[in-house]
Each structure stands twice: as structure tokens, then as C-alpha cells.
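Colleague: Pasting run-v6.txt here (compact mmCIF, C-alpha atoms and all ligand atoms):
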```txt
# COMPACT_ATOMS: atom_id res chain seq x y z
CA MET V 15 38.34 62.40 180.78
CA ASP V 16 40.58 63.49 183.65
CA CYS V 17 40.15 66.43 186.03
CA ARG V 18 42.38 68.79 184.05
CA LYS V 19 40.42 68.24 180.87
CA PHE V 20 37.25 68.79 182.82
CA GLU V 21 38.51 72.15 184.15
CA SER V 22 39.35 73.33 180.67
CA ARG V 23 35.75 72.62 179.64
CA ILE V 24 33.88 74.09 182.60
CA ASP V 25 33.14 77.40 180.87
CA GLY V 26 31.86 75.69 177.74
CA TYR V 27 29.82 73.35 179.90
CA LEU V 28 28.19 76.22 181.80
CA ARG V 29 27.49 78.08 178.56
CA ASN V 30 26.06 74.93 177.02
CA ASP V 31 28.26 75.06 173.96
CA LEU V 32 30.25 71.82 174.20
CA SER V 33 29.99 69.26 171.47
CA ALA V 34 27.61 66.41 172.23
CA ASP V 35 30.62 64.13 172.67
CA ASP V 36 32.38 66.47 175.13
CA GLN V 37 29.14 67.03 176.96
CA ARG V 38 28.74 63.29 177.48
CA LYS V 39 32.37 62.91 178.68
CA VAL V 40 31.98 65.78 181.12
CA ASP V 41 28.74 64.33 182.48
CA SER V 42 30.25 60.93 183.05
CA HIS V 43 33.34 62.45 184.70
CA LEU V 44 31.10 64.45 187.03
CA GLU V 45 29.29 61.30 188.05
CA THR V 46 32.50 59.78 189.33
CA CYS V 47 34.48 62.79 190.61
CA ALA V 48 33.37 64.65 193.74
CA VAL V 49 36.20 67.17 193.43
CA CYS V 50 35.05 68.31 190.00
CA ARG V 51 31.43 68.44 191.13
CA GLU V 52 32.56 70.84 193.83
CA THR V 53 34.57 72.88 191.33
CA LEU V 54 31.52 73.08 189.10
CA ALA V 55 29.35 74.22 192.00
CA GLU V 56 31.87 76.99 192.82
CA HIS V 57 31.79 78.20 189.24
CA GLN V 58 28.01 78.21 189.21
CA ALA V 59 27.92 80.20 192.46
CA LEU V 60 30.43 82.66 191.02
CA GLU V 61 28.39 83.08 187.85
CA ALA V 62 25.37 83.87 189.99
CA ILE V 63 27.34 86.52 191.92
CA LEU V 64 28.64 88.05 188.70
CA ASP V 65 25.15 88.07 187.20
CA ARG V 66 23.89 90.00 190.19
CA ALA V 67 26.94 92.29 190.09
CA ALA V 68 26.06 93.06 186.47
CA GLU V 69 22.56 94.05 187.59
CA TRP V 70 23.97 96.38 190.25
CA THR V 71 25.94 98.25 187.61
CA VAL V 72 22.99 98.83 185.28
CA ASP V 73 22.22 102.14 186.97
CA PRO V 74 25.10 103.23 189.18
CA PRO V 75 24.40 106.42 191.09
CA PRO V 76 26.20 109.22 189.28
CA PHE V 77 29.86 109.63 190.20
CA LEU V 78 29.73 106.87 192.83
CA THR V 79 32.21 104.56 191.10
CA ARG V 80 34.60 107.40 190.49
CA LYS V 81 34.50 108.46 194.10
CA ILE V 82 34.88 104.96 195.50
CA VAL V 83 37.90 104.25 193.36
CA SER V 84 39.52 107.57 194.22
CA ASN V 85 39.01 106.76 197.92
CA LEU V 86 40.67 103.35 197.76
CA PRO V 87 44.00 102.93 199.53
CA ALA V 88 46.78 102.60 196.94
CA SER V 89 47.46 98.90 197.62
CA VAL V 90 43.81 97.93 197.33
CA ALA V 91 43.44 100.12 194.26
CA SER V 92 46.23 98.30 192.42
CA GLY V 93 44.61 94.98 193.36
CA PHE V 94 41.36 96.27 191.99
CA TRP V 95 42.84 97.20 188.64
CA SER V 96 44.66 93.89 188.24
CA TRP V 97 41.63 91.83 189.23
CA LYS V 98 41.50 90.16 185.84
CA VAL V 99 44.67 88.18 186.52
CA MET V 100 43.39 86.90 189.86
CA HIS V 101 41.19 83.93 190.42
CA PRO V 102 37.65 85.21 189.76
CA ILE V 103 36.47 84.44 193.29
CA VAL V 104 39.42 86.30 194.79
CA ALA V 105 38.65 89.20 192.47
CA VAL V 106 35.01 89.35 193.51
CA VAL V 107 35.90 89.18 197.20
CA SER V 108 38.52 91.91 196.72
CA LEU V 109 36.01 94.08 194.94
CA ILE V 110 33.42 93.68 197.69
CA LEU V 111 36.12 94.31 200.30
CA ALA V 112 37.28 97.40 198.43
CA LEU V 113 33.72 98.75 198.33
CA ALA V 114 33.33 98.08 202.04
CA ILE V 115 36.61 99.85 202.83
CA GLY V 116 35.46 102.83 200.79
CA PHE V 117 32.19 103.13 202.69
CA VAL V 118 33.51 102.24 206.16
CA GLY V 119 36.46 104.58 205.66
CA ARG V 120 34.18 107.48 204.98
CA ASP V 121 31.89 106.70 207.91
CA VAL V 122 34.85 106.60 210.26
CA ILE V 123 36.14 109.94 209.03
CA VAL V 124 32.76 111.62 209.32
CA GLY V 125 32.09 109.97 212.68
CA ARG V 126 35.33 111.21 214.16
CA GLN V 127 34.55 114.86 213.68
CA PRO V 128 32.58 116.49 216.49
CA VAL V 129 30.47 118.24 213.88
CA ASP V 130 27.55 118.94 216.22
CA VAL V 131 29.48 121.39 218.32
CA GLN V 132 30.85 123.27 215.33
CA ARG V 133 29.17 126.21 213.77
CA ALA V 134 28.17 126.00 210.11
CA GLN V 135 29.54 128.65 207.77
CA THR V 136 28.12 130.13 204.62
CA ILE V 137 30.52 129.42 201.81
CA ARG V 138 30.73 131.22 198.52
CA ILE V 139 32.58 129.67 195.58
CA ILE V 140 33.21 131.63 192.41
CA PHE V 141 34.06 129.79 189.20
CA TYR V 142 34.91 131.43 185.90
CA SER V 143 33.96 129.64 182.69
CA PRO V 144 32.55 131.76 179.87
CA GLU V 145 32.11 128.77 177.50
CA ALA V 146 30.06 126.61 179.90
CA SER V 147 26.31 126.30 179.48
CA SER V 148 25.89 124.64 182.89
CA VAL V 149 28.08 124.22 185.94
CA ALA V 150 27.28 122.01 188.93
CA LEU V 151 29.19 121.91 192.19
CA ILE V 152 29.86 118.31 193.18
CA GLY V 153 31.85 117.02 196.11
CA ASP V 154 32.00 115.38 199.53
CA PHE V 155 29.27 117.69 200.79
CA ASN V 156 26.67 116.29 198.39
CA ASP V 157 28.00 112.73 198.14
CA TRP V 158 29.55 113.47 194.77
CA GLY V 159 26.35 114.34 193.04
CA GLN V 160 23.90 112.04 194.79
CA ARG V 161 21.99 114.80 196.57
CA ASP V 162 21.57 118.56 196.80
CA VAL V 163 23.46 119.29 193.62
CA THR V 164 23.67 123.01 193.09
CA LEU V 165 23.40 124.36 189.58
CA ALA V 166 24.69 127.88 189.59
CA GLN V 167 23.26 130.74 187.60
CA SER V 168 25.83 132.40 185.43
CA SER V 169 26.17 136.10 185.02
CA ASP V 170 26.73 137.44 181.50
CA ARG V 171 30.49 137.35 181.93
CA GLY V 172 30.78 133.60 182.60
CA ILE V 173 31.03 133.91 186.36
CA TRP V 174 29.31 131.08 188.19
CA GLU V 175 28.57 131.62 191.82
CA PHE V 176 27.70 129.00 194.42
CA SER V 177 26.59 129.55 197.94
CA MET V 178 26.09 126.86 200.57
CA THR V 179 26.24 126.21 204.28
CA LEU V 180 28.90 123.84 205.57
CA LYS V 181 30.25 122.79 208.93
CA PRO V 182 33.96 123.36 209.55
CA GLY V 183 36.07 120.67 207.88
CA VAL V 184 37.99 119.81 204.74
CA TYR V 185 35.95 119.10 201.62
CA HIS V 186 36.97 117.82 198.21
CA TYR V 187 34.96 118.98 195.23
CA ASN V 188 35.02 119.74 191.53
CA MET V 189 32.96 121.52 188.95
CA LEU V 190 30.92 119.44 186.56
CA VAL V 191 30.78 121.53 183.41
CA ASP V 192 28.02 120.90 180.85
CA GLY V 193 27.14 117.68 182.68
CA GLU V 194 30.27 115.84 181.56
CA LYS V 195 33.55 117.67 182.11
CA TRP V 196 35.24 117.49 185.52
CA VAL V 197 37.11 120.68 186.18
CA ALA V 198 39.07 121.61 189.28
CA ASN V 199 38.58 125.11 190.56
CA PRO V 200 41.78 127.04 189.70
CA LYS V 201 41.02 129.32 192.65
CA SER V 202 41.01 126.40 195.07
CA ALA V 203 43.35 126.70 198.06
CA SER V 204 44.98 123.43 197.00
CA LEU V 205 44.45 120.52 194.62
CA VAL V 206 44.76 116.79 195.34
CA PRO V 207 45.07 113.95 192.79
CA ASP V 208 41.66 112.42 192.12
CA GLY V 209 42.98 108.97 191.19
CA PHE V 210 41.96 109.44 187.54
CA GLY V 211 44.88 111.53 186.40
CA GLY V 212 43.09 114.75 187.31
CA TYR V 213 42.66 116.79 190.46
CA ASP V 214 40.05 117.50 193.08
CA SER V 215 39.69 120.97 194.47
CA VAL V 216 40.02 121.34 198.23
CA LEU V 217 37.82 123.55 200.35
CA VAL V 218 38.82 124.24 203.93
CA VAL V 219 36.05 125.57 206.13
CA SER V 220 37.50 126.86 209.35
CA GLU V 221 35.69 127.99 212.47
CA LYS V 222 36.50 131.61 211.72
CA CYS V 223 35.68 131.56 208.03
CA GLN V 224 33.00 134.17 207.47
CA ASP V 225 32.32 135.15 203.90
CA ASP V 226 34.53 133.93 201.12
CA CYS V 227 36.15 130.66 202.11
CA THR V 228 37.46 129.63 198.72
ZN ZN A 1 37.62 65.36 188.42
```
Spit out the file's structure as C-alpha cells when you get a sec.
Ligand SMILES: [Zn+2]
Modeller:
Amino acid sequence: MDCRKFESRIDGYLRNDLSADDQRKVDSHLETCAVCRETLAEHQALEAILDRAAEWTVDPPPFLTRKIVSNLPASVASGFWSWKVMHPIVAVVSLILALAIGFVGRDVIVGRQPVDVQRAQTIRIIFYSPEASSVALIGDFNDWGQRDVTLAQSSDRGIWEFSMTLKPGVYHYNMLVDGEKWVANPKSASLVPDGFGGYDSVLVVSEKCQDDCT
């Protein structure tokens, strides 16, 4: 067996489903070829990383993946989506890098704002949806659903009202209707693409904003 034949059988070898004959040929090639031993070790390490990655995704925090992907720079995002055509190790490294950029990017943005010297404002957001049985307000201000999620009480006429205290800044948010439908607020000052073919609502809290900042 030569190195190319070995490479075509690595996956079967790792899964233990080679024929006894192939298994023997692979074993004897490995005994004589340091390059292929190294290749095999790389694949085993990669499998271990992917196994752990699979564990991480068993219980992703709600909305985290969606938010990370929508925060990716366009060039990284396209790399992310075409990861299947890359070498698996490159794909894993890109994915980890993309996650890091998502988190670091947000820290930098938050860190740059002199939030301590700015006065918090009470914000009121009104959302109209007579068919909804629940509406939650989810956005930058509660880490896209990871904390302090507000469930509004509806009046009889389908008007859902949210009230919260925010420091001056620009916030992206959406309504989560009935726990599954993402809906932008049609009364939002502006809408930005969310990276999933939909839109995020934009809330601008200025220094002077007093009552109704929607
Ligand atoms: Zn070899």
C-alpha cells in the first residue's frame, strides 16, 4: 500500500470498518511510514476536537448562534458557510476564529463607550400583535435572550408594552412572538439586515430621550 491509498482509507480505519485485509495493509504501511503516522495522528486530534464541538452544541444558549453569525464580518461569514469545502482543520480553526471575532468585536464596541458617565433612560416600546399569545423583547441589551428577558403583558387589543432602563447608545432588537417567530418592530426608527434574510429593529437611546424612545 502506498501513501495515497492509505489516505483514502483513513476514515474507514478510524471508524473501524475496513476489511480485515485492508486493515492489515494499513497497519503494515503505518509501521514503515512516519508521514502517514503523522497524518493519522492529525485526523485523530481533529476527531477529538469535533467530538467536543458536538458536545458544545448539545445545549446552545438560546439565540447565541444566530447572533454570532449575524455579527460576523462578511468575509469571515462566507468562509464560515463554505467550511465544508475546506480542509477540516482549516474549517475548525476558522470557526473558532470566527467565534472569537464575534466575542472580541462586541467587547471592543461596549468597551469604547463611556457608558458610566451617561445617564440611563427609561424606554417604552409598543408592539402591536393581536394574534400573539406571548411576546418577548430580545436584543443586544439582554444578550439576545440570555438574561433579563421581558415578557410583556398584552392588553385586550393586542398591544404589547415593554418598559426598560437603558444607557444612551444604539441597540438592535426584535420581538420573539410565541417563542418562535422573530418579528421586527414596524415602528422601529430603522431596520438593519439580520444576516438571516430578515431584519433587526434598531433602538437609538439618546441623552435627551425622555419617555417614548421608539
Ligand atoms: Zn505513507
Colleague: How many Å separate atom CA of Arg171 of chain V from atom CA of Tyr213 of chain V?
Modeller: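 Answer for the atom CA of Arg171 of chain V to atom CA of Tyr213 of chain V separation: 25.4 Å.
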Colleague: Would you mind listing the residues within 9 Å of ligand ZN 1 (chain A), counting only C-alpha atoms and all ligand atoms, as a PDB file with C-alpha atoms, in the frame of the given file?
Modeller:
```pdb
ATOM      1  CA  MET V  15      38.340  62.400 180.780  1.00  0.00           C
ATOM      2  CA  ASP V  16      40.580  63.490 183.650  1.00  0.00           C
ATOM      3  CA  CYS V  17      40.150  66.430 186.030  1.00  0.00           C
ATOM      4  CA  ARG V  18      42.380  68.790 184.050  1.00  0.00           C
ATOM      5  CA  LYS V  19      40.420  68.240 180.870  1.00  0.00           C
ATOM      6  CA  PHE V  20      37.250  68.790 182.820  1.00  0.00           C
ATOM      7  CA  GLU V  21      38.510  72.150 184.150  1.00  0.00           C
ATOM      8  CA  HIS V  43      33.340  62.450 184.700  1.00  0.00           C
ATOM      9  CA  LEU V  44      31.100  64.450 187.030  1.00  0.00           C
ATOM     10  CA  THR V  46      32.500  59.780 189.330  1.00  0.00           C
ATOM     11  CA  CYS V  47      34.480  62.790 190.610  1.00  0.00           C
ATOM     12  CA  ALA V  48      33.370  64.650 193.740  1.00  0.00           C
ATOM     13  CA  VAL V  49      36.200  67.170 193.430  1.00  0.00           C
ATOM     14  CA  CYS V  50      35.050  68.310 190.000  1.00  0.00           C
ATOM     15  CA  ARG V  51      31.430  68.440 191.130  1.00  0.00           C
ATOM     16  CA  THR V  53      34.570  72.880 191.330  1.00  0.00           C
TER      17      THR V  53
END
```
Colleague: Find, counting only C-alpha atoms, the residue in V:Gly183, V:Ala150, V:Asp25, V:Val191 that gets nearest to Gln37 of chain V.
Modeller: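 Ranking V:Gly183, V:Ala150, V:Asp25, V:Val191 by distance to Gln37 of chain V, first place goes to V:Asp25.
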Colleague: Could you check which of V:Glu175, V:Asp154, V:Asp214, V:Asp36 is closest to Val197 of chain V, using only C-alpha atoms?
Modeller: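 Of the candidates, the smallest distance to Val197 of chain V is held by V:Asp214.
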Colleague: Could you tell me how far atom CA of His186 of chain V lies from atom CA of Ser215 of chain V, in Å and to one decimal?
Modeller: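 Going from atom CA of His186 of chain V over to atom CA of Ser215 of chain V, I get 5.6 Å.
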Colleague: Which residue is closest to Gln167 of chain V? Choose from V:Leu64, V:Leu151, V:Ala55, V:Val218 and count only C-alpha atoms.
Modeller: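 The answer is V:Leu151, which sits nearest to Gln167 of chain V.
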